[in-house]
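The file work.cif contains mmCIF, C-alpha atoms:
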data_coords
loop_
_atom_site.group_PDB
_atom_site.id
_atom_site.type_symbol
_atom_site.label_atom_id
_atom_site.label_comp_id
_atom_site.auth_asym_id
_atom_site.auth_seq_id
_atom_site.Cartn_x
_atom_site.Cartn_y
_atom_site.Cartn_z
ATOM 1 C CA ALA A 11 -7.667 -10.096 -12.024
ATOM 2 C CA GLN A 12 -8.067 -6.625 -10.616
ATOM 3 C CA THR A 13 -5.777 -3.910 -11.955
ATOM 4 C CA VAL A 14 -5.291 -0.264 -11.082
ATOM 5 C CA THR A 15 -3.836 2.224 -13.569
ATOM 6 C CA GLN A 16 -2.471 5.681 -12.898
ATOM 7 C CA SER A 17 -1.634 7.279 -16.229
ATOM 8 C CA GLN A 18 0.188 10.339 -14.881
ATOM 9 C CA PRO A 19 3.687 9.455 -13.636
ATOM 10 C CA GLU A 20 4.300 13.064 -12.568
ATOM 11 C CA MET A 21 2.192 16.134 -11.891
ATOM 12 C CA SER A 22 3.044 19.599 -10.666
ATOM 13 C CA VAL A 23 0.927 22.434 -9.337
ATOM 14 C CA GLN A 24 1.428 25.901 -7.977
ATOM 15 C CA GLU A 25 0.951 26.357 -4.261
ATOM 16 C CA ALA A 26 -2.675 27.253 -3.419
ATOM 17 C CA GLU A 27 -3.934 25.909 -6.751
ATOM 18 C CA THR A 28 -6.050 22.808 -7.410
ATOM 19 C CA VAL A 29 -4.777 19.596 -8.966
ATOM 20 C CA THR A 30 -6.514 16.383 -10.018
ATOM 21 C CA LEU A 31 -4.830 12.982 -10.088
ATOM 22 C CA SER A 32 -6.352 10.282 -12.280
ATOM 23 C CA CYS A 33 -6.964 6.606 -11.579
ATOM 24 C CA THR A 34 -8.812 3.888 -13.441
ATOM 25 C CA TYR A 35 -9.345 0.304 -12.376
ATOM 26 C CA ASP A 36 -10.627 -2.946 -13.756
ATOM 27 C CA THR A 37 -12.746 -5.385 -11.773
ATOM 28 C CA SER A 38 -15.698 -7.695 -12.187
ATOM 29 C CA GLU A 39 -16.733 -7.215 -8.568
ATOM 30 C CA SER A 40 -19.673 -5.021 -7.631
ATOM 31 C CA ASP A 41 -18.676 -4.288 -4.039
ATOM 32 C CA TYR A 42 -15.237 -2.955 -3.225
ATOM 33 C CA TYR A 43 -13.291 -0.112 -1.633
ATOM 34 C CA LEU A 44 -11.084 2.435 -3.330
ATOM 35 C CA PHE A 45 -8.340 4.389 -1.610
ATOM 36 C CA TRP A 46 -5.823 7.129 -2.186
ATOM 37 C CA TYR A 47 -2.581 6.786 -0.234
ATOM 38 C CA LYS A 48 0.173 9.373 0.130
ATOM 39 C CA GLN A 49 3.817 8.342 0.424
ATOM 40 C CA PRO A 50 6.161 11.212 1.367
ATOM 41 C CA PRO A 51 9.905 10.819 0.851
ATOM 42 C CA SER A 52 10.184 9.256 4.337
ATOM 43 C CA ARG A 53 8.208 6.328 2.840
ATOM 44 C CA GLN A 54 5.540 5.970 5.522
ATOM 45 C CA MET A 55 2.346 5.322 3.524
ATOM 46 C CA ILE A 56 -0.608 7.338 4.819
ATOM 47 C CA LEU A 57 -4.276 6.925 3.939
ATOM 48 C CA VAL A 58 -5.689 10.106 2.396
ATOM 49 C CA ILE A 59 -9.251 9.147 1.542
ATOM 50 C CA ARG A 60 -11.492 6.101 1.128
ATOM 51 C CA GLN A 61 -14.563 5.442 -1.027
ATOM 52 C CA GLU A 62 -17.014 2.573 -0.709
ATOM 53 C CA ALA A 63 -18.272 1.497 -4.155
ATOM 54 C CA TYR A 64 -21.854 1.104 -2.940
ATOM 55 C CA LYS A 65 -21.986 4.759 -1.927
ATOM 56 C CA GLN A 66 -22.973 7.184 -4.661
ATOM 57 C CA GLN A 67 -21.792 10.232 -2.749
ATOM 58 C CA ASN A 68 -18.198 11.197 -3.388
ATOM 59 C CA ALA A 69 -15.949 11.113 -0.313
ATOM 60 C CA THR A 70 -14.336 14.298 0.976
ATOM 61 C CA GLU A 71 -11.689 14.912 3.624
ATOM 62 C CA ASN A 72 -10.945 18.584 4.150
ATOM 63 C CA ARG A 73 -9.018 19.723 1.036
ATOM 64 C CA PHE A 74 -9.156 16.263 -0.548
ATOM 65 C CA SER A 75 -12.116 14.980 -2.532
ATOM 66 C CA VAL A 76 -12.737 12.258 -5.072
ATOM 67 C CA ASN A 77 -14.733 11.965 -8.273
ATOM 68 C CA PHE A 78 -15.959 8.367 -8.312
ATOM 69 C CA GLN A 79 -17.494 7.202 -11.581
ATOM 70 C CA LYS A 80 -18.443 3.552 -11.027
ATOM 71 C CA ALA A 81 -19.665 2.818 -14.533
ATOM 72 C CA ALA A 82 -16.492 4.260 -16.028
ATOM 73 C CA LYS A 83 -14.341 2.620 -13.319
ATOM 74 C CA SER A 84 -12.696 5.942 -12.642
ATOM 75 C CA PHE A 85 -11.556 7.322 -9.285
ATOM 76 C CA SER A 86 -9.775 10.681 -9.396
ATOM 77 C CA LEU A 87 -8.389 12.680 -6.472
ATOM 78 C CA LYS A 88 -8.749 16.444 -6.284
ATOM 79 C CA ILE A 89 -6.498 18.418 -3.995
ATOM 80 C CA SER A 90 -7.667 21.978 -3.371
ATOM 81 C CA ASP A 91 -5.524 24.827 -2.054
ATOM 82 C CA SER A 92 -2.340 22.784 -2.577
ATOM 83 C CA GLN A 93 0.275 23.094 0.155
ATOM 84 C CA LEU A 94 4.001 22.359 0.152
ATOM 85 C CA GLY A 95 3.354 19.438 2.491
ATOM 86 C CA ASP A 96 1.220 17.767 -0.158
ATOM 87 C CA ALA A 97 4.324 16.933 -2.182
ATOM 88 C CA ALA A 98 4.609 13.146 -2.287
ATOM 89 C CA MET A 99 3.910 10.014 -4.310
ATOM 90 C CA TYR A 100 0.196 9.311 -4.485
ATOM 91 C CA PHE A 101 -1.087 5.786 -4.981
ATOM 92 C CA CYS A 102 -4.567 4.721 -5.930
ATOM 93 C CA ALA A 103 -5.559 1.349 -4.457
ATOM 94 C CA TYR A 104 -8.415 -1.136 -4.598
ATOM 95 C CA ARG A 105 -9.713 -3.862 -2.297
ATOM 96 C CA ILE A 106 -12.704 -6.158 -2.507
ATOM 97 C CA ILE A 107 -15.023 -6.147 0.490
ATOM 98 C CA GLN A 108 -15.254 -9.902 1.082
ATOM 99 C CA GLY A 109 -12.481 -12.439 0.803
ATOM 100 C CA ALA A 110 -8.973 -11.369 -0.145
ATOM 101 C CA GLN A 111 -7.703 -8.607 2.090
ATOM 102 C CA LYS A 112 -4.884 -7.376 -0.081
ATOM 103 C CA LEU A 113 -4.658 -3.909 -1.529
ATOM 104 C CA VAL A 114 -3.967 -3.650 -5.247
ATOM 105 C CA PHE A 115 -1.993 -0.490 -5.998
ATOM 106 C CA GLY A 116 -1.454 1.611 -9.095
ATOM 107 C CA GLN A 117 1.994 2.686 -10.240
ATOM 108 C CA GLY A 118 1.790 6.044 -8.477
ATOM 109 C CA THR A 119 1.865 9.724 -9.403
ATOM 110 C CA ARG A 120 4.647 11.973 -8.123
ATOM 111 C CA LEU A 121 3.164 15.329 -7.145
ATOM 112 C CA THR A 122 5.382 18.391 -6.967
ATOM 113 C CA ILE A 123 4.196 21.637 -5.392
ATOM 114 C CA ASN A 124 5.800 24.788 -6.786
ATOM 115 C CA PRO A 125 6.061 27.693 -4.313
ATOM 116 C CA GLY B 15 5.186 2.694 20.043
ATOM 117 C CA ALA B 16 1.975 3.920 18.489
ATOM 118 C CA GLY B 17 2.701 2.898 14.914
ATOM 119 C CA VAL B 18 3.968 -0.036 12.873
ATOM 120 C CA SER B 19 7.714 -0.450 13.191
ATOM 121 C CA GLN B 20 10.098 -2.362 10.974
ATOM 122 C CA SER B 21 13.698 -3.370 11.375
ATOM 123 C CA PRO B 22 16.241 -3.030 10.043
ATOM 124 C CA ARG B 23 15.444 0.100 8.053
ATOM 125 C CA TYR B 24 18.235 -0.675 5.596
ATOM 126 C CA LYS B 25 19.830 -3.992 4.733
ATOM 127 C CA VAL B 26 22.618 -4.740 2.294
ATOM 128 C CA ALA B 27 23.099 -8.390 1.470
ATOM 129 C CA LYS B 28 25.446 -10.176 -0.850
ATOM 130 C CA ARG B 29 23.810 -12.357 -3.437
ATOM 131 C CA GLY B 30 23.157 -15.771 -1.955
ATOM 132 C CA GLN B 31 22.841 -14.601 1.641
ATOM 133 C CA ASP B 32 19.735 -15.151 3.732
ATOM 134 C CA VAL B 33 17.969 -12.144 5.275
ATOM 135 C CA ALA B 34 15.262 -11.704 7.909
ATOM 136 C CA LEU B 35 13.045 -8.631 8.058
ATOM 137 C CA ARG B 36 11.010 -7.873 11.158
ATOM 138 C CA CYS B 37 7.636 -6.174 11.549
ATOM 139 C CA ASP B 38 6.067 -5.030 14.836
ATOM 140 C CA PRO B 39 2.406 -4.225 14.155
ATOM 141 C CA ILE B 40 0.215 -1.914 16.174
ATOM 142 C CA SER B 41 -0.690 -3.655 19.410
ATOM 143 C CA GLY B 42 -3.927 -5.593 19.128
ATOM 144 C CA HIS B 43 -4.112 -5.512 15.351
ATOM 145 C CA VAL B 44 -5.412 -8.788 14.038
ATOM 146 C CA SER B 45 -4.390 -8.484 10.404
ATOM 147 C CA LEU B 46 -0.842 -8.135 9.095
ATOM 148 C CA PHE B 47 0.317 -7.697 5.504
ATOM 149 C CA TRP B 48 3.637 -7.723 3.684
ATOM 150 C CA TYR B 49 4.140 -5.817 0.429
ATOM 151 C CA GLN B 50 7.132 -5.466 -1.894
ATOM 152 C CA GLN B 51 7.787 -2.099 -3.517
ATOM 153 C CA ALA B 52 10.310 -1.961 -6.351
ATOM 154 C CA LEU B 53 11.928 1.378 -7.132
ATOM 155 C CA GLY B 54 9.466 3.747 -8.764
ATOM 156 C CA GLN B 55 6.578 1.293 -8.535
ATOM 157 C CA GLY B 56 3.511 0.777 -6.405
ATOM 158 C CA PRO B 57 3.571 -1.791 -3.612
ATOM 159 C CA GLU B 58 2.705 -5.370 -4.534
ATOM 160 C CA PHE B 59 1.074 -7.784 -2.127
ATOM 161 C CA LEU B 60 3.148 -10.663 -0.783
ATOM 162 C CA THR B 61 1.255 -12.299 2.069
ATOM 163 C CA TYR B 62 -1.462 -11.820 4.719
ATOM 164 C CA PHE B 63 -1.884 -13.055 8.288
ATOM 165 C CA GLN B 64 -4.962 -13.075 10.468
ATOM 166 C CA ASN B 65 -3.551 -13.538 13.953
ATOM 167 C CA GLU B 66 -1.019 -16.368 13.572
ATOM 168 C CA ALA B 67 -2.710 -17.929 10.532
ATOM 169 C CA GLN B 68 -1.238 -17.187 7.120
ATOM 170 C CA LEU B 69 -4.425 -16.946 5.076
ATOM 171 C CA ASP B 70 -2.981 -15.730 1.791
ATOM 172 C CA LYS B 71 0.526 -16.213 0.440
ATOM 173 C CA SER B 72 -0.352 -15.899 -3.206
ATOM 174 C CA GLY B 73 2.006 -12.964 -3.761
ATOM 175 C CA LEU B 74 5.214 -14.609 -2.587
ATOM 176 C CA PRO B 75 7.374 -14.654 -5.747
ATOM 177 C CA SER B 76 9.217 -17.902 -5.073
ATOM 178 C CA ASP B 77 9.807 -20.573 -2.475
ATOM 179 C CA ARG B 78 12.810 -18.559 -1.308
ATOM 180 C CA PHE B 79 10.360 -16.235 0.432
ATOM 181 C CA PHE B 80 8.896 -17.324 3.749
ATOM 182 C CA ALA B 81 6.865 -15.401 6.335
ATOM 183 C CA GLU B 82 5.730 -16.257 9.823
ATOM 184 C CA ARG B 83 3.786 -14.749 12.710
ATOM 185 C CA PRO B 84 3.975 -17.468 15.355
ATOM 186 C CA GLU B 85 2.291 -15.661 18.258
ATOM 187 C CA GLY B 86 -0.036 -13.450 16.289
ATOM 188 C CA SER B 87 1.928 -10.249 16.831
ATOM 189 C CA VAL B 88 5.477 -9.791 15.482
ATOM 190 C CA SER B 89 6.080 -11.085 11.979
ATOM 191 C CA THR B 90 9.269 -12.004 10.135
ATOM 192 C CA LEU B 91 9.759 -12.130 6.386
ATOM 193 C CA LYS B 92 12.681 -14.332 5.440
ATOM 194 C CA ILE B 93 14.352 -14.413 2.053
ATOM 195 C CA GLN B 94 16.741 -17.232 1.370
ATOM 196 C CA ARG B 95 19.576 -17.145 -1.144
ATOM 197 C CA THR B 96 18.900 -13.528 -2.069
ATOM 198 C CA GLN B 97 19.031 -12.488 -5.709
ATOM 199 C CA GLN B 98 19.508 -9.031 -7.223
ATOM 200 C CA GLU B 99 15.861 -8.943 -8.276
ATOM 201 C CA ASP B 100 14.924 -9.112 -4.577
ATOM 202 C CA SER B 101 16.218 -5.549 -4.113
ATOM 203 C CA ALA B 102 13.208 -3.486 -3.073
ATOM 204 C CA VAL B 103 11.512 -1.825 -0.130
ATOM 205 C CA TYR B 104 9.531 -4.303 1.947
ATOM 206 C CA LEU B 105 6.508 -2.729 3.600
ATOM 207 C CA CYS B 106 4.545 -4.146 6.492
ATOM 208 C CA ALA B 107 1.002 -3.032 7.308
ATOM 209 C CA SER B 108 -1.435 -3.926 10.051
ATOM 210 C CA SER B 109 -5.127 -3.388 10.639
ATOM 211 C CA SER B 110 -7.650 -4.003 13.376
ATOM 212 C CA GLY B 111 -10.274 -5.549 11.123
ATOM 213 C CA THR B 112 -10.804 -8.728 9.183
ATOM 214 C CA ALA B 113 -12.765 -9.777 6.111
ATOM 215 C CA GLY B 114 -15.792 -7.673 5.267
ATOM 216 C CA GLN B 115 -14.961 -4.830 7.593
ATOM 217 C CA SER B 116 -14.121 -1.349 6.470
ATOM 218 C CA TYR B 117 -10.757 -0.658 8.052
ATOM 219 C CA GLU B 118 -7.505 1.120 7.424
ATOM 220 C CA GLN B 119 -4.184 -0.554 6.851
ATOM 221 C CA TYR B 120 -1.440 1.271 8.759
ATOM 222 C CA PHE B 121 1.952 1.029 7.119
ATOM 223 C CA GLY B 122 5.419 0.873 8.597
ATOM 224 C CA PRO B 123 8.393 2.835 7.244
ATOM 225 C CA GLY B 124 9.682 -0.151 5.286
ATOM 226 C CA THR B 125 12.979 -2.004 5.016
ATOM 227 C CA ARG B 126 15.087 -1.132 2.009
ATOM 228 C CA LEU B 127 16.894 -4.281 0.862
ATOM 229 C CA THR B 128 19.817 -3.978 -1.523
ATOM 230 C CA VAL B 129 21.329 -7.164 -2.895
ATOM 231 C CA THR B 130 24.833 -6.728 -4.339
#
Entire entry expressed as structure tokens:
Amino acid sequence: AQTVTQSQPEMSVQEAETVTLSCTYDTSESDYYLFWYKQPPSRQMILVIRQEAYKQQNATENRFSVNFQKAAKSFSLKISDSQLGDAAMYFCAYRIIQGAQKLVFGQGTRLTINP
Amino acid sequence: GAGVSQSPRYKVAKRGQDVALRCDPISGHVSLFWYQQALGQGPEFLTYFQNEAQLDKSGLPSDRFFAERPEGSVSTLKIQRTQQEDSAVYLCASSSGTAGQSYEQYFGPGTRLTVT
């Protein structure tokens, strides 16, 4: 069974600084997607960034980038120039490409931004 | 509306009552998902529909949980004889793609169910 582990229940960072959130996963599949979702206190889950496992290049979206290490089954999220609006729960998630459509989520990391 | 909507946003039920939670996906989205999110946890998959067909219900925790999407748009998650352990936020998500496609799941705001 696929599992996703986020070992940091809480993280905090000063505004304008950089923070990295960790995620590891376990799978026997070779093709899959990895995601980072943001869930602000209003609870609407929003996709932050997506990585296809067959792509070696790390995905980037503006201030958000990932460090994808396929052999180590590691998928960390780096947030640069942190802003107050980045404060939220962040969930790492996994999905296989073929077959089951469900997302498998980690336990989440609560990110606090200190002004 | 432009996004996924869910109703009610909050529901308080007495133990043993039946509840029905509604999800209105984004118009035209083929795939619809239900997830259960316990307090302080990540969402856990319950069930998946492609149009009106329920293709995966492996996450439903018991036979008290039932979901339907009869016309391939609106979906209802029904919980019979609610128990305290059913207290959670129930999230609905929809997407335009199906198996093998790279697509985004768009989430609704959730229904917070409290069983007393």
- Dump as a list in words all residues having an atom at most 10 Å from (0.4, -12.0, -0.4), computed in the file's coordinates with all atoms listed in the file. Ala110, Gln111, Lys112 and Leu113 of chain A; Phe47, Trp48, Tyr49, Gln50, Glu58, Phe59, Leu60, Thr61, Tyr62, Phe63, Gln68, Leu69, Asp70, Lys71, Ser72, Gly73, Leu74, Pro75 and Ala81 of chain B
- Message: Selection in question (the file shown): the PyMOL selection byres ((chain A) within 12 of (chain B)). Which residues does it include, as a ChimeraX atom specification?
- Response: /A:13-16,19-20,41-63,99-120
- Distance query A:Thr30 at most 8 Å, only C-alpha atoms, self and fewer than 4 positions along chain excluded, as an NGL selection string: :A and (86-89)
Let's have the selection written as a PDB file, keeping the file's coordinate frame, with C-alpha atoms.
ATOM      1  CA  SER A  86      -9.775  10.681  -9.396  1.00  0.00           C
ATOM      2  CA  LEU A  87      -8.389  12.680  -6.472  1.00  0.00           C
ATOM      3  CA  LYS A  88      -8.749  16.444  -6.284  1.00  0.00           C
ATOM      4  CA  ILE A  89      -6.498  18.418  -3.995  1.00  0.00           C
TER       5      ILE A  89
END
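Among the candidate residues B:Leu53, B:Arg95, B:Glu66, B:Ser19, the one lying nearest to B:Ala34 is B:Arg95, with distances computed using only C-alpha atoms.
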- Task: Tell me which residues the PyMOL selection byres ((chain B and resi 43) around 9) grabs here, as an MDAnalysis selection string.
- Result: chainID B and resid 39:42 44:46 65 86:87 108:111
Export of the given selection (C-alpha atoms) as an mmCIF file, keeping the file's coordinate frame:
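The result, stored in result01.cif:
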data_model
loop_
_atom_site.group_PDB
_atom_site.id
_atom_site.type_symbol
_atom_site.label_atom_id
_atom_site.label_comp_id
_atom_site.auth_asym_id
_atom_site.auth_seq_id
_atom_site.Cartn_x
_atom_site.Cartn_y
_atom_site.Cartn_z
ATOM 1 C CA PRO B 39 2.406 -4.225 14.155
ATOM 2 C CA ILE B 40 0.215 -1.914 16.174
ATOM 3 C CA SER B 41 -0.690 -3.655 19.410
ATOM 4 C CA GLY B 42 -3.927 -5.593 19.128
ATOM 5 C CA VAL B 44 -5.412 -8.788 14.038
ATOM 6 C CA SER B 45 -4.390 -8.484 10.404
ATOM 7 C CA LEU B 46 -0.842 -8.135 9.095
ATOM 8 C CA ASN B 65 -3.551 -13.538 13.953
ATOM 9 C CA GLY B 86 -0.036 -13.450 16.289
ATOM 10 C CA SER B 87 1.928 -10.249 16.831
ATOM 11 C CA SER B 108 -1.435 -3.926 10.051
ATOM 12 C CA SER B 109 -5.127 -3.388 10.639
ATOM 13 C CA SER B 110 -7.650 -4.003 13.376
ATOM 14 C CA GLY B 111 -10.274 -5.549 11.123
#
- Task: Just say which residues the PyMOL selection byres ((chain A and resi 28) around 10) picks in this file, as JSON, numbers by chain.
- Result: {"A": [23, 24, 25, 26, 27, 29, 30, 73, 74, 88, 89, 90, 91, 92, 93]}
- Selected residue of minimal separation from B:Lys92 among B:Val26, B:Gln51, B:Phe80, B:Tyr104, counting all atoms listed in the file: B:Phe80
- Message: Report as a PyMOL selection string all protein, DNA and RNA residues lying within 12 Å of B:Ala27, evaluated on all atoms listed in the file, omitting residues in the same chain fewer than 6 positions from it.
- Response: chain B and resi 33-34+93-98+100-102+126-130
- Task: Neighbourhood query: residues within 8 Å of (-4.1, 7.7, -17.7), file coordinates, counting all atoms listed in the file; return as an NGL selection string.
- Result: :A and (15-18 or 32-34)
- Task: Could you check how far atom CA of A:Ala97 sits from atom CA of A:Ile123, in Å to one decimal?
- Result: 5.7 Å
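Here the question is which of B:Thr90, B:Tyr24, B:Ala52, B:Cys106 gets nearest to B:Arg36 using only C-alpha atoms, and that residue is B:Thr90.
Here atom CA of A:Phe78 is placed at a distance of 25.8 Å from atom CA of A:Leu94.
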Would you mind writing stretch 35-69 of chain B with N, CA and C atoms, as a PDB file, in the coordinates of the input?
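Just written: rebuild_6.pdb:
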ATOM      1  N   LEU B  35      13.602  -9.960   7.868  1.00  0.00           N
ATOM      2  CA  LEU B  35      13.045  -8.631   8.058  1.00  0.00           C
ATOM      3  C   LEU B  35      11.928  -8.731   9.090  1.00  0.00           C
ATOM      4  N   ARG B  36      11.943  -7.799  10.035  1.00  0.00           N
ATOM      5  CA  ARG B  36      11.010  -7.873  11.158  1.00  0.00           C
ATOM      6  C   ARG B  36       9.949  -6.778  11.073  1.00  0.00           C
ATOM      7  N   CYS B  37       8.747  -7.133  11.495  1.00  0.00           N
ATOM      8  CA  CYS B  37       7.636  -6.174  11.549  1.00  0.00           C
ATOM      9  C   CYS B  37       6.948  -6.262  12.914  1.00  0.00           C
ATOM     10  N   ASP B  38       6.833  -5.124  13.580  1.00  0.00           N
ATOM     11  CA  ASP B  38       6.067  -5.030  14.836  1.00  0.00           C
ATOM     12  C   ASP B  38       4.790  -4.248  14.542  1.00  0.00           C
ATOM     13  N   PRO B  39       3.654  -4.924  14.497  1.00  0.00           N
ATOM     14  CA  PRO B  39       2.406  -4.225  14.155  1.00  0.00           C
ATOM     15  C   PRO B  39       1.900  -3.407  15.343  1.00  0.00           C
ATOM     16  N   ILE B  40       0.882  -2.640  15.091  1.00  0.00           N
ATOM     17  CA  ILE B  40       0.215  -1.914  16.174  1.00  0.00           C
ATOM     18  C   ILE B  40      -0.408  -2.935  17.130  1.00  0.00           C
ATOM     19  N   SER B  41      -0.213  -2.705  18.414  1.00  0.00           N
ATOM     20  CA  SER B  41      -0.690  -3.655  19.410  1.00  0.00           C
ATOM     21  C   SER B  41      -2.186  -3.926  19.257  1.00  0.00           C
ATOM     22  N   GLY B  42      -2.527  -5.206  19.230  1.00  0.00           N
ATOM     23  CA  GLY B  42      -3.927  -5.593  19.128  1.00  0.00           C
ATOM     24  C   GLY B  42      -4.452  -5.743  17.719  1.00  0.00           C
ATOM     25  N   HIS B  43      -3.654  -5.376  16.738  1.00  0.00           N
ATOM     26  CA  HIS B  43      -4.112  -5.512  15.351  1.00  0.00           C
ATOM     27  C   HIS B  43      -4.092  -6.971  14.923  1.00  0.00           C
ATOM     28  N   VAL B  44      -5.215  -7.389  14.400  1.00  0.00           N
ATOM     29  CA  VAL B  44      -5.412  -8.788  14.038  1.00  0.00           C
ATOM     30  C   VAL B  44      -4.741  -9.122  12.704  1.00  0.00           C
ATOM     31  N   SER B  45      -4.849  -8.206  11.769  1.00  0.00           N
ATOM     32  CA  SER B  45      -4.390  -8.484  10.404  1.00  0.00           C
ATOM     33  C   SER B  45      -3.022  -7.866  10.152  1.00  0.00           C
ATOM     34  N   LEU B  46      -2.191  -8.612   9.428  1.00  0.00           N
ATOM     35  CA  LEU B  46      -0.842  -8.135   9.095  1.00  0.00           C
ATOM     36  C   LEU B  46      -0.551  -8.508   7.655  1.00  0.00           C
ATOM     37  N   PHE B  47       0.046  -7.550   6.927  1.00  0.00           N
ATOM     38  CA  PHE B  47       0.317  -7.697   5.504  1.00  0.00           C
ATOM     39  C   PHE B  47       1.785  -7.383   5.222  1.00  0.00           C
ATOM     40  N   TRP B  48       2.325  -8.065   4.233  1.00  0.00           N
ATOM     41  CA  TRP B  48       3.637  -7.723   3.684  1.00  0.00           C
ATOM     42  C   TRP B  48       3.456  -7.347   2.208  1.00  0.00           C
ATOM     43  N   TYR B  49       4.129  -6.262   1.811  1.00  0.00           N
ATOM     44  CA  TYR B  49       4.140  -5.817   0.429  1.00  0.00           C
ATOM     45  C   TYR B  49       5.590  -5.598  -0.001  1.00  0.00           C
ATOM     46  N   GLN B  50       5.824  -5.739  -1.296  1.00  0.00           N
ATOM     47  CA  GLN B  50       7.132  -5.466  -1.894  1.00  0.00           C
ATOM     48  C   GLN B  50       6.988  -4.284  -2.836  1.00  0.00           C
ATOM     49  N   GLN B  51       7.851  -3.284  -2.674  1.00  0.00           N
ATOM     50  CA  GLN B  51       7.787  -2.099  -3.517  1.00  0.00           C
ATOM     51  C   GLN B  51       9.114  -1.900  -4.240  1.00  0.00           C
ATOM     52  N   ALA B  52       9.123  -2.206  -5.531  1.00  0.00           N
ATOM     53  CA  ALA B  52      10.310  -1.961  -6.351  1.00  0.00           C
ATOM     54  C   ALA B  52      10.446  -0.461  -6.600  1.00  0.00           C
ATOM     55  N   LEU B  53      11.645  -0.038  -6.936  1.00  0.00           N
ATOM     56  CA  LEU B  53      11.928   1.378  -7.132  1.00  0.00           C
ATOM     57  C   LEU B  53      11.012   1.985  -8.193  1.00  0.00           C
ATOM     58  N   GLY B  54      10.321   3.052  -7.819  1.00  0.00           N
ATOM     59  CA  GLY B  54       9.466   3.747  -8.764  1.00  0.00           C
ATOM     60  C   GLY B  54       8.153   3.062  -9.070  1.00  0.00           C
ATOM     61  N   GLN B  55       7.809   2.048  -8.292  1.00  0.00           N
ATOM     62  CA  GLN B  55       6.578   1.293  -8.535  1.00  0.00           C
ATOM     63  C   GLN B  55       5.650   1.361  -7.324  1.00  0.00           C
ATOM     64  N   GLY B  56       4.422   0.905  -7.523  1.00  0.00           N
ATOM     65  CA  GLY B  56       3.511   0.777  -6.405  1.00  0.00           C
ATOM     66  C   GLY B  56       3.782  -0.512  -5.646  1.00  0.00           C
ATOM     67  N   PRO B  57       3.380  -0.554  -4.391  1.00  0.00           N
ATOM     68  CA  PRO B  57       3.571  -1.791  -3.612  1.00  0.00           C
ATOM     69  C   PRO B  57       2.799  -2.963  -4.218  1.00  0.00           C
ATOM     70  N   GLU B  58       3.375  -4.145  -4.086  1.00  0.00           N
ATOM     71  CA  GLU B  58       2.705  -5.370  -4.534  1.00  0.00           C
ATOM     72  C   GLU B  58       2.570  -6.332  -3.355  1.00  0.00           C
ATOM     73  N   PHE B  59       1.407  -6.899  -3.234  1.00  0.00           N
ATOM     74  CA  PHE B  59       1.074  -7.784  -2.127  1.00  0.00           C
ATOM     75  C   PHE B  59       1.938  -9.031  -2.132  1.00  0.00           C
ATOM     76  N   LEU B  60       2.410  -9.418  -0.933  1.00  0.00           N
ATOM     77  CA  LEU B  60       3.148 -10.663  -0.783  1.00  0.00           C
ATOM     78  C   LEU B  60       2.332 -11.690  -0.004  1.00  0.00           C
ATOM     79  N   THR B  61       1.911 -11.324   1.219  1.00  0.00           N
ATOM     80  CA  THR B  61       1.255 -12.299   2.069  1.00  0.00           C
ATOM     81  C   THR B  61       0.432 -11.609   3.152  1.00  0.00           C
ATOM     82  N   TYR B  62      -0.521 -12.355   3.732  1.00  0.00           N
ATOM     83  CA  TYR B  62      -1.462 -11.820   4.719  1.00  0.00           C
ATOM     84  C   TYR B  62      -1.642 -12.810   5.866  1.00  0.00           C
ATOM     85  N   PHE B  63      -1.619 -12.274   7.088  1.00  0.00           N
ATOM     86  CA  PHE B  63      -1.884 -13.055   8.288  1.00  0.00           C
ATOM     87  C   PHE B  63      -3.116 -12.510   9.011  1.00  0.00           C
ATOM     88  N   GLN B  64      -3.926 -13.430   9.504  1.00  0.00           N
ATOM     89  CA  GLN B  64      -4.962 -13.075  10.468  1.00  0.00           C
ATOM     90  C   GLN B  64      -4.574 -13.779  11.758  1.00  0.00           C
ATOM     91  N   ASN B  65      -4.205 -12.999  12.744  1.00  0.00           N
ATOM     92  CA  ASN B  65      -3.551 -13.538  13.953  1.00  0.00           C
ATOM     93  C   ASN B  65      -2.321 -14.342  13.518  1.00  0.00           C
ATOM     94  N   GLU B  66      -2.209 -15.597  13.929  1.00  0.00           N
ATOM     95  CA  GLU B  66      -1.019 -16.368  13.572  1.00  0.00           C
ATOM     96  C   GLU B  66      -1.214 -17.168  12.278  1.00  0.00           C
ATOM     97  N   ALA B  67      -2.410 -17.143  11.732  1.00  0.00           N
ATOM     98  CA  ALA B  67      -2.710 -17.929  10.532  1.00  0.00           C
ATOM     99  C   ALA B  67      -2.361 -17.154   9.261  1.00  0.00           C
ATOM    100  N   GLN B  68      -1.576 -17.788   8.409  1.00  0.00           N
ATOM    101  CA  GLN B  68      -1.238 -17.187   7.120  1.00  0.00           C
ATOM    102  C   GLN B  68      -2.342 -17.569   6.135  1.00  0.00           C
ATOM    103  N   LEU B  69      -3.243 -16.647   5.884  1.00  0.00           N
ATOM    104  CA  LEU B  69      -4.425 -16.946   5.076  1.00  0.00           C
ATOM    105  C   LEU B  69      -4.207 -16.754   3.589  1.00  0.00           C
TER     106      LEU B  69
END
